[in-house]
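Structure file run21.cif (mmCIF, C-alpha atoms and all ligand atoms) is printed below.
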data_protein
loop_
_atom_site.group_PDB
_atom_site.id
_atom_site.type_symbol
_atom_site.label_atom_id
_atom_site.label_comp_id
_atom_site.auth_asym_id
_atom_site.auth_seq_id
_atom_site.Cartn_x
_atom_site.Cartn_y
_atom_site.Cartn_z
ATOM 1 C CA MET A 140 34.262 -71.319 -51.631
ATOM 2 C CA SER A 141 32.350 -69.462 -54.360
ATOM 3 C CA ASP A 142 32.709 -65.793 -55.235
ATOM 4 C CA ARG A 143 29.066 -64.919 -54.722
ATOM 5 C CA ASP A 144 25.848 -66.377 -53.288
ATOM 6 C CA PRO A 145 22.858 -64.724 -55.031
ATOM 7 C CA ASP A 146 20.681 -65.102 -51.920
ATOM 8 C CA CYS A 147 23.231 -63.613 -49.520
ATOM 9 C CA LEU A 148 22.502 -60.160 -48.048
ATOM 10 C CA PHE A 149 26.175 -59.259 -47.594
ATOM 11 C CA CYS A 150 27.014 -60.331 -51.179
ATOM 12 C CA GLN A 151 24.283 -57.872 -52.227
ATOM 13 C CA ILE A 152 25.921 -55.183 -50.055
ATOM 14 C CA VAL A 153 29.309 -55.924 -51.687
ATOM 15 C CA ALA A 154 27.678 -55.521 -55.116
ATOM 16 C CA GLY A 155 26.029 -52.238 -54.081
ATOM 17 C CA GLU A 156 22.557 -53.709 -54.635
ATOM 18 C CA VAL A 157 21.709 -53.111 -50.970
ATOM 19 C CA PRO A 158 22.893 -49.721 -49.649
ATOM 20 C CA SER A 159 25.365 -49.461 -46.782
ATOM 21 C CA ASP A 160 27.406 -46.786 -45.037
ATOM 22 C CA ARG A 161 30.911 -47.840 -46.130
ATOM 23 C CA VAL A 162 33.858 -46.649 -44.071
ATOM 24 C CA HIS A 163 36.651 -48.607 -45.830
ATOM 25 C CA GLU A 164 37.185 -50.756 -48.909
ATOM 26 C CA ASP A 165 40.053 -52.351 -50.790
ATOM 27 C CA ASP A 166 40.505 -55.164 -53.319
ATOM 28 C CA ASP A 167 39.674 -57.919 -50.821
ATOM 29 C CA VAL A 168 37.325 -56.498 -48.156
ATOM 30 C CA ILE A 169 34.747 -53.829 -47.410
ATOM 31 C CA ALA A 170 33.743 -52.291 -44.063
ATOM 32 C CA PHE A 171 30.399 -50.668 -43.315
ATOM 33 C CA ARG A 172 28.409 -49.539 -40.282
ATOM 34 C CA ASP A 173 26.099 -52.075 -38.646
ATOM 35 C CA VAL A 174 22.435 -51.150 -39.149
ATOM 36 C CA ASN A 175 21.737 -51.981 -35.459
ATOM 37 C CA PRO A 176 24.803 -50.630 -33.614
ATOM 38 C CA GLN A 177 25.656 -52.038 -30.169
ATOM 39 C CA ALA A 178 28.186 -49.288 -29.340
ATOM 40 C CA PRO A 179 29.151 -45.805 -30.617
ATOM 41 C CA THR A 180 31.331 -47.551 -33.221
ATOM 42 C CA HIS A 181 29.963 -50.795 -34.670
ATOM 43 C CA VAL A 182 31.441 -51.653 -38.068
ATOM 44 C CA LEU A 183 31.311 -54.943 -39.988
ATOM 45 C CA VAL A 184 34.383 -55.979 -41.983
ATOM 46 C CA ILE A 185 33.658 -58.608 -44.640
ATOM 47 C CA PRO A 186 35.447 -60.290 -47.550
ATOM 48 C CA ARG A 187 34.192 -59.365 -51.032
ATOM 49 C CA GLN A 188 34.019 -63.065 -51.853
ATOM 50 C CA HIS A 189 31.357 -65.212 -50.239
ATOM 51 C CA VAL A 190 32.682 -67.203 -47.265
ATOM 52 C CA ALA A 191 29.959 -68.546 -44.960
ATOM 53 C CA ASP A 192 31.825 -68.198 -41.672
ATOM 54 C CA ALA A 193 35.248 -68.397 -40.028
ATOM 55 C CA HIS A 194 34.968 -72.201 -39.813
ATOM 56 C CA SER A 195 34.863 -72.328 -43.633
ATOM 57 C CA LEU A 196 38.246 -70.647 -44.033
ATOM 58 C CA ALA A 197 41.100 -72.750 -45.401
ATOM 59 C CA ASP A 198 44.824 -72.681 -44.675
ATOM 60 C CA GLU A 199 45.440 -70.755 -47.917
ATOM 61 C CA ASP A 200 43.132 -67.933 -46.756
ATOM 62 C CA GLY A 201 45.912 -66.363 -44.681
ATOM 63 C CA PRO A 202 46.201 -63.339 -47.018
ATOM 64 C CA LEU A 203 42.446 -62.741 -46.709
ATOM 65 C CA LEU A 204 42.740 -62.772 -42.909
ATOM 66 C CA ALA A 205 45.544 -60.221 -43.169
ATOM 67 C CA SER A 206 43.274 -58.010 -45.277
ATOM 68 C CA LEU A 207 40.386 -58.362 -42.816
ATOM 69 C CA PHE A 208 42.543 -57.415 -39.827
ATOM 70 C CA GLY A 209 44.278 -54.681 -41.807
ATOM 71 C CA ALA A 210 40.858 -53.128 -42.365
ATOM 72 C CA ILE A 211 40.059 -53.525 -38.645
ATOM 73 C CA ARG A 212 43.253 -51.658 -37.762
ATOM 74 C CA ARG A 213 42.586 -48.822 -40.230
ATOM 75 C CA VAL A 214 38.948 -48.352 -39.239
ATOM 76 C CA ALA A 215 39.766 -48.478 -35.511
ATOM 77 C CA ALA A 216 42.390 -45.754 -35.996
ATOM 78 C CA ALA A 217 40.023 -43.622 -38.087
ATOM 79 C CA GLU A 218 37.314 -43.994 -35.403
ATOM 80 C CA GLY A 219 39.711 -42.907 -32.640
ATOM 81 C CA LEU A 220 39.551 -46.188 -30.720
ATOM 82 C CA GLU A 221 43.058 -45.893 -29.253
ATOM 83 C CA ASN A 222 41.746 -46.880 -25.786
ATOM 84 C CA GLY A 223 40.642 -50.275 -27.054
ATOM 85 C CA TYR A 224 38.000 -52.089 -29.015
ATOM 86 C CA ARG A 225 36.581 -55.552 -29.492
ATOM 87 C CA VAL A 226 36.652 -57.822 -32.578
ATOM 88 C CA ILE A 227 34.025 -60.568 -32.686
ATOM 89 C CA THR A 228 32.976 -63.157 -35.231
ATOM 90 C CA ASN A 229 30.000 -65.369 -34.459
ATOM 91 C CA VAL A 230 30.239 -68.863 -35.966
ATOM 92 C CA GLY A 231 26.975 -70.727 -36.363
ATOM 93 C CA ALA A 232 23.454 -70.211 -35.085
ATOM 94 C CA GLU A 233 24.191 -71.194 -31.482
ATOM 95 C CA ALA A 234 26.818 -68.451 -31.290
ATOM 96 C CA GLY A 235 24.326 -65.918 -32.622
ATOM 97 C CA GLN A 236 25.363 -65.767 -36.276
ATOM 98 C CA SER A 237 22.418 -64.449 -38.282
ATOM 99 C CA VAL A 238 24.047 -63.521 -41.615
ATOM 100 C CA PHE A 239 25.996 -66.420 -43.111
ATOM 101 C CA HIS A 240 28.680 -64.396 -44.887
ATOM 102 C CA LEU A 241 31.846 -64.081 -42.789
ATOM 103 C CA HIS A 242 32.014 -60.764 -40.910
ATOM 104 C CA LEU A 243 34.141 -59.323 -38.143
ATOM 105 C CA HIS A 244 32.280 -57.006 -35.775
ATOM 106 C CA LEU A 245 34.472 -54.050 -34.750
ATOM 107 C CA ILE A 246 32.867 -52.603 -31.626
ATOM 108 C CA GLY A 247 34.180 -49.701 -29.585
ATOM 109 C CA GLY A 248 33.643 -46.303 -28.042
ATOM 110 C CA ARG A 249 32.364 -47.532 -24.669
ATOM 111 C CA PRO A 250 33.680 -49.789 -21.872
ATOM 112 C CA MET A 251 33.172 -53.515 -22.582
ATOM 113 C CA ARG A 252 32.167 -56.201 -20.106
ATOM 114 C CA TRP A 253 33.504 -59.739 -19.875
ATOM 115 C CA PRO A 254 32.428 -62.500 -20.291
ATOM 116 C CA PRO A 255 30.095 -61.818 -23.223
ATOM 117 C CA GLY A 256 26.640 -63.361 -23.052
HETATM 118 P P1 LIG A 301 25.666 -61.777 -36.733
HETATM 119 O O1 LIG A 301 24.416 -61.835 -35.897
HETATM 120 O O2 LIG A 301 25.537 -62.654 -37.964
HETATM 121 O O3 LIG A 301 26.950 -61.968 -36.003
HETATM 122 O O4 LIG A 301 25.748 -60.264 -37.247
HETATM 123 C C1 LIG A 301 24.990 -59.784 -38.308
HETATM 124 C C2 LIG A 301 24.956 -58.288 -38.173
HETATM 125 O O5 LIG A 301 24.508 -57.746 -39.398
HETATM 126 C C3 LIG A 301 24.011 -57.779 -37.077
HETATM 127 O O6 LIG A 301 24.758 -57.019 -36.135
HETATM 128 C C4 LIG A 301 23.007 -56.944 -37.843
HETATM 129 O O7 LIG A 301 22.610 -55.779 -37.139
HETATM 130 C C5 LIG A 301 23.733 -56.611 -39.125
HETATM 131 N N1 LIG A 301 22.874 -56.423 -40.271
HETATM 132 C C6 LIG A 301 21.835 -57.214 -40.662
HETATM 133 N N2 LIG A 301 21.281 -56.742 -41.795
HETATM 134 C C7 LIG A 301 21.994 -55.628 -42.138
HETATM 135 C C8 LIG A 301 21.895 -54.700 -43.223
HETATM 136 O O8 LIG A 301 21.046 -54.810 -44.128
HETATM 137 N N3 LIG A 301 22.786 -53.667 -43.241
HETATM 138 C C9 LIG A 301 23.751 -53.517 -42.265
HETATM 139 N N4 LIG A 301 24.564 -52.461 -42.375
HETATM 140 N N5 LIG A 301 23.874 -54.383 -41.226
HETATM 141 C C10 LIG A 301 23.006 -55.421 -41.167
HETATM 142 ZN ZN ZN A 302 27.735 -63.634 -49.253
#

Write out the structure in this file as structure tokens.
Ligand code: 5GP
Ligand code: ZN
Amino acid sequence: MSDRDPDCLFCQIVAGEVPSDRVHEDDDVIAFRDVNPQAPTHVLVIPRQHVADAHSLADEDGPLLASLFGAIRRVAAAEGLENGYRVITNVGAEAGQSVFHLHLHLIGGRPMRWPPG
């Protein structure tokens, strides 16, 4: 796992080279609104360091996972999602991953259907 991939869009967002609407940040993660929202709240939570996807995480990345889900919890509370929300991470092209820097989608503010497509 490297700190930064120069060709990665989300690494450029972390660096502030590509603008984003940030709603949370700490030492390990940032959270910003998705440019193409699928619900009233659609926020992406990402590690500052470059990790391609959830499948690339290692056993020692437990603290990073705690930071990612801590950000999810804080943003969900700030967005008033006390009735529920969904957390999704697509892994690989067949699952629909299009940006290969790990991100959790936090989606809420409307009823969700199941199963997803
Ligand atoms: P994936 O398809 O990889 O699970 O999700 C990538 C997400 O990144 C998509 O929901 C897409 O709308 C979002 N996205 C792509 N480019 C940008 C961008 O430049 N800025 C922001 N804020 N979101 C982006
Ligand atoms: Zn990256």

- Given the file shown, enumerate the residues that the PyMOL selection byres (((chain A and resi 214) around 10) and not hetatm) captures and present them as a PyMOL selection string. chain A and resi 162-163+170-171+180+182+184+208-213+215-220+245

- Query: Using only C-alpha atoms and all ligand atoms, which of A:Val190, A:Ala232, A:Leu204, A:Ala154 sits nearest ligand ZN 302 (chain A)?
  - Reply: A:Val190

Tell me, as a PDB file with C-alpha atoms, keeping the file's coordinate frame, which residues lie within 8 Å of A:Cys147, counting all atoms listed in the file; anything in the same chain fewer than 4 positions away does not count.
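out.pdb, written as the output of this step:
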ATOM      1  CA  ARG A 143      29.066 -64.919 -54.722  1.00  0.00           C
ATOM      2  CA  GLN A 151      24.283 -57.872 -52.227  1.00  0.00           C
ATOM      3  CA  VAL A 238      24.047 -63.521 -41.615  1.00  0.00           C
ATOM      4  CA  PHE A 239      25.996 -66.420 -43.111  1.00  0.00           C
ATOM      5  CA  HIS A 240      28.680 -64.396 -44.887  1.00  0.00           C
TER       6      HIS A 240
END

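Closest approach to ligand LIG 301 (chain A) among A:Val168, A:Leu183, A:Leu207, A:Ala178 is made by A:Leu183 (distances from only C-alpha atoms and all ligand atoms).
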
- Starting from the shown file, work through the PyMOL selection byres (((chain A and resi 150) around 12) and not hetatm) and note down what comes out as JSON, numbers by chain. {"A": [141, 142, 143, 144, 145, 146, 147, 148, 149, 151, 152, 153, 154, 155, 156, 157, 158, 159, 168, 169, 185, 186, 187, 188, 189, 190, 191, 238, 239, 240, 241, 242]}

- If we count all atoms listed in the file, what is near A:Val230 at a cut-off of 6 Å, once residues fewer than 2 positions away on the same chain are taken out, given as a ChimeraX atom specification? /A:192,234,236

Each residue of chain A with at least one atom at most 6 Å from ligand LIG 301 (chain A) should appear once, together with its nearest atom pair and the corresponding distance in Å (one decimal); atoms considered: only C-alpha atoms and all ligand atoms; ordering: chain, then increasing residue number; output as JSON lines.
{"residue": "A:Ser159", "atom": "CA", "partner": "A:LIG301", "partner_atom": "N4", "distance": 5.4}
{"residue": "A:Arg172", "atom": "CA", "partner": "A:LIG301", "partner_atom": "N4", "distance": 5.3}
{"residue": "A:Asp173", "atom": "CA", "partner": "A:LIG301", "partner_atom": "N4", "distance": 4.1}
{"residue": "A:Val174", "atom": "CA", "partner": "A:LIG301", "partner_atom": "N4", "distance": 4.1}
{"residue": "A:Asn175", "atom": "CA", "partner": "A:LIG301", "partner_atom": "O7", "distance": 4.2}
{"residue": "A:Asn229", "atom": "CA", "partner": "A:LIG301", "partner_atom": "O3", "distance": 4.8}
{"residue": "A:Gly235", "atom": "CA", "partner": "A:LIG301", "partner_atom": "O1", "distance": 5.2}
{"residue": "A:Gln236", "atom": "CA", "partner": "A:LIG301", "partner_atom": "O2", "distance": 3.5}
{"residue": "A:Ser237", "atom": "CA", "partner": "A:LIG301", "partner_atom": "O2", "distance": 3.6}
{"residue": "A:Val238", "atom": "CA", "partner": "A:LIG301", "partner_atom": "O2", "distance": 4.0}

- Quick one: pull the distance between atom CA of A:Leu203 and atom CA of A:Glu164, Å, one decimal. 13.3 Å

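Straight-line separation from atom CA of A:His244 to atom CA of A:Asp198: 22.0 Å.
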
- Message: Report, in Å to a single decimal, how far apart atom CA of A:Leu243 and atom CA of A:Pro179 are.
- Response: 16.3 Å

Box along x, y and z, 6 Å on every side, all listed atoms of stretch 213-229 of chain A inside: centre and edge lengths in Å to one decimal, as lines of an AutoDock Vina configuration file.
center_x = 36.5
center_y = -54.1
center_z = -33.0
size_x = 25.1
size_y = 34.5
size_z = 26.4

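Here the selection is built from all atoms listed in the file, and the residues within 12 Å of (28.6, -62.1, -25.4) turn out to be Gln177, Arg225, Val226, Ile227, Thr228, Asn229, Glu233, Ala234, Gly235, Gln236, Met251, Arg252, Trp253, Pro254, Pro255 and Gly256 of chain A.
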